[in-house]
>>> print(open('model.cif').read())   # mmCIF, C-alpha atoms
data_structure
loop_
_atom_site.group_PDB
_atom_site.id
_atom_site.type_symbol
_atom_site.label_atom_id
_atom_site.label_comp_id
_atom_site.auth_asym_id
_atom_site.auth_seq_id
_atom_site.Cartn_x
_atom_site.Cartn_y
_atom_site.Cartn_z
ATOM 1 C CA MET A 1 45.327 31.859 2.652
ATOM 2 C CA SER A 2 42.795 33.627 0.467
ATOM 3 C CA TRP A 3 43.646 31.406 -2.517
ATOM 4 C CA THR A 4 42.554 28.280 -0.555
ATOM 5 C CA ARG A 5 39.162 29.818 0.191
ATOM 6 C CA GLY A 6 38.793 30.626 -3.484
ATOM 7 C CA VAL A 7 39.633 27.048 -4.492
ATOM 8 C CA LEU A 8 37.180 25.670 -1.939
ATOM 9 C CA ALA A 9 34.453 28.005 -3.172
ATOM 10 C CA VAL A 10 35.049 26.941 -6.772
ATOM 11 C CA LEU A 11 34.968 23.261 -5.749
ATOM 12 C CA ALA A 12 31.712 23.800 -3.836
ATOM 13 C CA VAL A 13 30.106 25.468 -6.867
ATOM 14 C CA CYS A 14 31.264 22.616 -9.112
ATOM 15 C CA VAL A 15 29.770 20.028 -6.737
ATOM 16 C CA LEU A 16 26.482 21.939 -6.632
ATOM 17 C CA LEU A 17 26.373 22.203 -10.410
ATOM 18 C CA LEU A 18 27.178 18.541 -10.936
ATOM 19 C CA THR A 19 24.587 17.278 -8.445
ATOM 20 C CA GLY A 20 21.881 19.712 -9.531
ATOM 21 C CA SER A 21 21.527 21.061 -5.997
ATOM 22 C CA ALA A 22 21.981 24.634 -7.180
ATOM 23 C CA GLY A 23 18.641 24.582 -8.966
ATOM 24 C CA CYS A 24 20.029 23.767 -12.399
ATOM 25 C CA ASP A 25 17.691 21.859 -14.656
ATOM 26 C CA SER A 26 18.694 18.275 -15.374
ATOM 27 C CA GLY A 27 16.582 18.118 -18.511
ATOM 28 C CA ASP A 28 13.358 16.850 -16.899
ATOM 29 C CA VAL A 29 11.107 19.892 -16.740
ATOM 30 C CA GLY A 30 9.305 19.960 -13.405
ATOM 31 C CA ALA A 31 10.840 16.695 -12.210
ATOM 32 C CA SER A 32 11.809 16.435 -8.579
ATOM 33 C CA GLU A 33 14.354 14.163 -6.951
ATOM 34 C CA ALA A 34 11.877 11.268 -6.738
ATOM 35 C CA GLY A 35 10.740 11.688 -10.340
ATOM 36 C CA ASP A 36 7.410 13.251 -9.366
ATOM 37 C CA SER A 37 6.061 16.411 -10.899
ATOM 38 C CA ALA A 38 6.803 19.476 -8.772
ATOM 39 C CA THR A 39 4.344 21.678 -10.668
ATOM 40 C CA PRO A 40 0.561 21.439 -10.962
ATOM 41 C CA VAL A 41 -0.487 18.757 -13.418
ATOM 42 C CA GLY A 42 -3.105 19.279 -16.084
ATOM 43 C CA ARG A 43 -5.993 21.698 -15.956
ATOM 44 C CA LEU A 44 -8.966 21.472 -13.592
ATOM 45 C CA LEU A 45 -12.311 21.375 -15.389
ATOM 46 C CA ASP A 46 -15.730 22.337 -14.072
ATOM 47 C CA THR A 47 -16.945 18.808 -14.912
ATOM 48 C CA VAL A 48 -17.407 16.492 -11.915
ATOM 49 C CA ASP A 49 -18.007 12.764 -11.470
ATOM 50 C CA GLU A 50 -21.003 11.180 -9.708
ATOM 51 C CA GLU A 51 -19.458 11.929 -6.317
ATOM 52 C CA GLY A 52 -18.574 15.560 -7.080
ATOM 53 C CA ARG A 53 -14.870 15.085 -7.825
ATOM 54 C CA ARG A 54 -13.510 17.483 -10.460
ATOM 55 C CA TYR A 55 -11.907 16.300 -13.677
ATOM 56 C CA ARG A 56 -8.193 17.006 -14.237
ATOM 57 C CA GLU A 57 -7.569 17.358 -17.988
ATOM 58 C CA VAL A 58 -4.205 16.152 -19.353
ATOM 59 C CA ASP A 59 -2.906 15.841 -22.910
ATOM 60 C CA ALA A 60 -3.586 12.459 -24.507
ATOM 61 C CA GLU A 61 0.127 11.818 -25.082
ATOM 62 C CA HIS A 62 0.856 12.214 -21.339
ATOM 63 C CA ALA A 63 -2.350 10.666 -20.018
ATOM 64 C CA PRO A 64 -2.506 7.447 -18.020
ATOM 65 C CA GLU A 65 -4.500 4.546 -19.458
ATOM 66 C CA VAL A 66 -6.394 1.694 -17.799
ATOM 67 C CA GLY A 67 -7.908 -1.588 -18.947
ATOM 68 C CA ILE A 68 -10.038 -4.074 -17.029
ATOM 69 C CA GLU A 69 -10.418 -7.839 -17.294
ATOM 70 C CA VAL A 70 -12.863 -9.841 -15.183
ATOM 71 C CA GLN A 71 -12.870 -13.630 -14.831
ATOM 72 C CA PRO A 72 -15.332 -15.781 -12.862
ATOM 73 C CA GLU A 73 -13.887 -17.911 -10.063
ATOM 74 C CA ALA A 74 -15.012 -21.365 -8.878
ATOM 75 C CA ASP A 75 -16.531 -19.874 -5.694
ATOM 76 C CA ASP A 76 -18.762 -17.544 -7.803
ATOM 77 C CA SER A 77 -16.585 -14.527 -6.983
ATOM 78 C CA TRP A 78 -14.890 -12.494 -9.717
ATOM 79 C CA ASP A 79 -11.158 -11.937 -10.291
ATOM 80 C CA VAL A 80 -10.685 -8.314 -11.412
ATOM 81 C CA ARG A 81 -7.366 -7.434 -13.075
ATOM 82 C CA LEU A 82 -6.350 -3.968 -14.156
ATOM 83 C CA THR A 83 -3.721 -3.125 -16.723
ATOM 84 C CA VAL A 84 -2.307 0.382 -16.609
ATOM 85 C CA ARG A 85 0.006 2.376 -18.806
ATOM 86 C CA ASP A 86 1.817 5.556 -17.776
ATOM 87 C CA PHE A 87 0.311 5.156 -14.301
ATOM 88 C CA ARG A 88 1.579 4.081 -10.869
ATOM 89 C CA PHE A 89 -0.604 3.144 -7.918
ATOM 90 C CA SER A 90 0.062 5.277 -4.843
ATOM 91 C CA PRO A 91 0.599 3.567 -1.502
ATOM 92 C CA GLU A 92 -1.558 4.329 1.536
ATOM 93 C CA GLY A 93 -0.556 7.613 3.187
ATOM 94 C CA THR A 94 0.520 9.347 -0.036
ATOM 95 C CA GLU A 95 0.245 13.144 0.079
ATOM 96 C CA ALA A 96 -3.037 14.449 -1.372
ATOM 97 C CA LYS A 97 -1.649 16.229 -4.431
ATOM 98 C CA ALA A 98 -1.844 15.564 -8.142
ATOM 99 C CA VAL A 99 1.330 14.059 -9.558
ATOM 100 C CA ALA A 100 1.542 13.104 -13.239
ATOM 101 C CA GLY A 101 0.678 9.459 -13.837
ATOM 102 C CA ARG A 102 0.077 8.558 -10.209
ATOM 103 C CA GLY A 103 -2.957 7.884 -8.034
ATOM 104 C CA VAL A 104 -5.631 5.303 -7.299
ATOM 105 C CA ALA A 105 -8.378 3.488 -9.170
ATOM 106 C CA HIS A 106 -12.028 3.481 -8.175
ATOM 107 C CA LEU A 107 -14.209 0.506 -9.027
ATOM 108 C CA PHE A 108 -17.913 0.948 -9.849
ATOM 109 C CA LEU A 109 -20.626 -1.684 -10.362
ATOM 110 C CA ASP A 110 -23.522 -0.369 -12.461
ATOM 111 C CA GLY A 111 -22.471 3.178 -11.536
ATOM 112 C CA ASP A 112 -22.335 2.522 -7.771
ATOM 113 C CA HIS A 113 -18.969 3.016 -6.081
ATOM 114 C CA LEU A 114 -17.552 -0.269 -4.730
ATOM 115 C CA THR A 115 -14.014 0.453 -3.593
ATOM 116 C CA ARG A 116 -10.766 2.373 -4.017
ATOM 117 C CA LEU A 117 -7.849 0.301 -5.331
ATOM 118 C CA ARG A 118 -4.142 0.847 -4.678
ATOM 119 C CA GLY A 119 -3.075 -2.075 -6.853
ATOM 120 C CA PRO A 120 -4.034 -3.942 -10.040
ATOM 121 C CA ARG A 121 -5.965 -6.879 -8.465
ATOM 122 C CA TYR A 122 -9.306 -7.159 -6.702
ATOM 123 C CA ARG A 123 -11.587 -10.011 -5.701
ATOM 124 C CA LEU A 124 -15.252 -9.084 -6.246
ATOM 125 C CA ALA A 125 -17.451 -11.097 -3.883
ATOM 126 C CA ALA A 126 -20.308 -13.081 -5.427
ATOM 127 C CA ASP A 127 -22.921 -11.540 -3.129
ATOM 128 C CA LEU A 128 -22.156 -8.073 -4.591
ATOM 129 C CA VAL A 129 -23.177 -9.177 -8.090
ATOM 130 C CA PRO A 130 -26.860 -10.136 -8.362
ATOM 131 C CA ARG A 131 -28.132 -12.323 -11.190
ATOM 132 C CA GLY A 132 -28.014 -10.601 -14.573
ATOM 133 C CA THR A 133 -25.615 -8.603 -16.714
ATOM 134 C CA HIS A 134 -23.744 -5.736 -15.082
ATOM 135 C CA GLN A 135 -21.117 -3.149 -15.959
ATOM 136 C CA LEU A 136 -17.928 -3.046 -13.911
ATOM 137 C CA THR A 137 -16.048 0.212 -14.480
ATOM 138 C CA VAL A 138 -12.595 1.259 -13.298
ATOM 139 C CA ARG A 139 -11.664 4.956 -13.297
ATOM 140 C CA LEU A 140 -8.299 6.554 -12.502
ATOM 141 C CA TYR A 141 -7.955 9.352 -9.938
ATOM 142 C CA ALA A 142 -5.063 11.542 -8.865
ATOM 143 C CA ASP A 143 -4.058 11.495 -5.202
ATOM 144 C CA ASP A 144 -5.944 14.771 -4.650
ATOM 145 C CA ASP A 145 -9.184 12.922 -5.621
ATOM 146 C CA THR A 146 -9.482 14.586 -9.023
ATOM 147 C CA VAL A 147 -10.447 12.395 -11.990
ATOM 148 C CA TRP A 148 -7.787 11.949 -14.681
ATOM 149 C CA ALA A 149 -9.427 13.049 -17.951
ATOM 150 C CA VAL A 150 -8.616 13.377 -21.659
ATOM 151 C CA ASP A 151 -10.743 15.520 -23.989
ATOM 152 C CA GLY A 152 -13.260 16.042 -21.183
ATOM 153 C CA GLU A 153 -13.781 12.290 -20.645
ATOM 154 C CA PRO A 154 -12.591 10.323 -17.610
ATOM 155 C CA VAL A 155 -9.742 7.842 -17.994
ATOM 156 C CA GLU A 156 -11.692 4.630 -17.426
ATOM 157 C CA SER A 157 -12.526 1.212 -18.794
ATOM 158 C CA THR A 158 -15.666 -0.930 -18.522
ATOM 159 C CA ALA A 159 -16.298 -4.674 -18.689
ATOM 160 C CA ASP A 160 -19.643 -6.469 -18.815
ATOM 161 C CA ILE A 161 -20.113 -9.366 -16.412
ATOM 162 C CA THR A 162 -23.035 -11.773 -16.268
ATOM 163 C CA ALA A 163 -23.923 -13.591 -13.076
ATOM 164 C CA SER A 164 -26.323 -16.507 -13.090
ATOM 165 C CA GLU A 165 -27.789 -18.519 -10.259
ATOM 166 C CA ALA A 166 -27.302 -22.250 -10.159
ATOM 167 C CA GLU A 167 -30.318 -24.025 -11.604
ATOM 168 C CA PRO A 168 -31.418 -27.500 -10.535
ATOM 169 C CA THR A 169 -30.444 -30.203 -12.974
ATOM 170 C CA GLY A 170 -31.048 -33.941 -13.144
ATOM 171 C CA ALA A 171 -27.812 -34.391 -11.222
ATOM 172 C CA THR A 172 -29.189 -32.505 -8.233
ATOM 173 C CA GLN A 173 -32.301 -34.720 -8.002
ATOM 174 C CA PRO A 174 -31.171 -38.262 -8.792
ATOM 175 C CA GLU A 175 -33.775 -40.884 -9.612
ATOM 176 C CA ASP A 176 -33.752 -44.484 -8.532
ATOM 177 C CA ILE A 177 -34.148 -47.403 -10.901
ATOM 178 C CA GLU A 178 -37.958 -47.293 -10.948
ATOM 179 C CA GLY A 179 -38.108 -43.602 -12.014
ATOM 180 C CA ARG A 180 -38.912 -42.150 -8.592
ATOM 181 C CA THR A 181 -36.767 -39.394 -7.158
ATOM 182 C CA VAL A 182 -34.783 -40.318 -4.099
ATOM 183 C CA THR A 183 -36.864 -37.946 -1.969
ATOM 184 C CA GLU A 184 -40.097 -39.869 -2.721
ATOM 185 C CA PRO A 185 -40.938 -42.599 -0.240
ATOM 186 C CA ALA A 186 -40.698 -46.096 -1.612
ATOM 187 C CA THR A 187 -43.939 -48.098 -1.691
ATOM 188 C CA ASP A 188 -44.357 -51.830 -1.963
ATOM 189 C CA ARG A 189 -46.024 -53.073 -5.125
#
>>> encode(input="model.cif", output="structure tokens")
Amino acid sequence: MSWTRGVLAVLAVCVLLLTGSAGCDSGDVGASEAGDSATPVGRLLDTVDEEGRRYREVDAEHAPEVGIEVQPEADDSWDVRLTVRDFRFSPEGTEAKAVAGRGVAHLFLDGDHLTRLRGPRYRLAADLVPRGTHQLTVRLYADDDTVWAVDGEPVESTADITASEAEPTGATQPEDIEGRTVTEPATDR
């Protein structure tokens, strides 16, 4: 009977080794079952953003990247599209810890915080953008609210947007045949 226990023990060890459940490394240093980093990511710096969030320095080759494109819409709002590389947006309710290449984006208009984004699209309402030229900046944050940074600089991108008010044109004040505007009372001649 002892030989059957020995065979079962050997089979159990083989299963553990093959599935990685015995703590053997599968080749991805620090990778957990879900592909997230199990160890602290980057190095915390003393530098903070405008809201007091610390920068988390990562190597450039492992750093996330973000780009921003802004297009005006017919209703005077703005369509904001983000492009990311080596970054995934975290869903609502994600644990507040730094995981390599994961987190949220914060959107700033002229340095003022507008919103936190958990996806690559946003509709910027017209009433938030007064007349003139403005800077719309997107910055990437880890789920623990630290700022992803490379060489001491935040991982961010900025786009200039220019909003103008509608100006009256000849089409908004039509004239009748005699050269008077429609709003003028007609007089007999």
>>> resolve_selection(input="model.cif", expression="the PyMOL selection byres ((chain A and resi 85-99) around 7)", output="PyMOL selection string")
chain A and resi 36-37+40-41+63-66+83-84+100-104+118-119+142-144
>>> closest_residue(input="model.cif", among="A:Val48, A:Arg53, A:Leu114, A:Ala60", to="A:Val150", atoms="only C-alpha atoms")
A:Ala60
>>> atom_distance(input="model.cif", atom1="atom CA of A:Ala105", atom2="atom CA of A:Asp49")
13.6 Å
>>> closest_residue(input="model.cif", among="A:Glu165, A:Glu61, A:Glu69, A:Glu51", to="A:Ala126", atoms="all atoms listed in the file")
A:Glu165
>>> closest_residue(input="model.cif", among="A:Trp148, A:Glu57, A:Glu50, A:Tyr141", to="A:Asp112", atoms="all atoms listed in the file")
A:Glu50
>>> axis_aligned_box(input="model.cif", around="stretch 100-118 of chain A", padding_each_side="5 Å", output="lines of an AutoDock Vina configuration file")
center_x = -11.0
center_y = 5.7
center_z = -8.7
size_x = 35.1
size_y = 24.8
size_z = 20.2
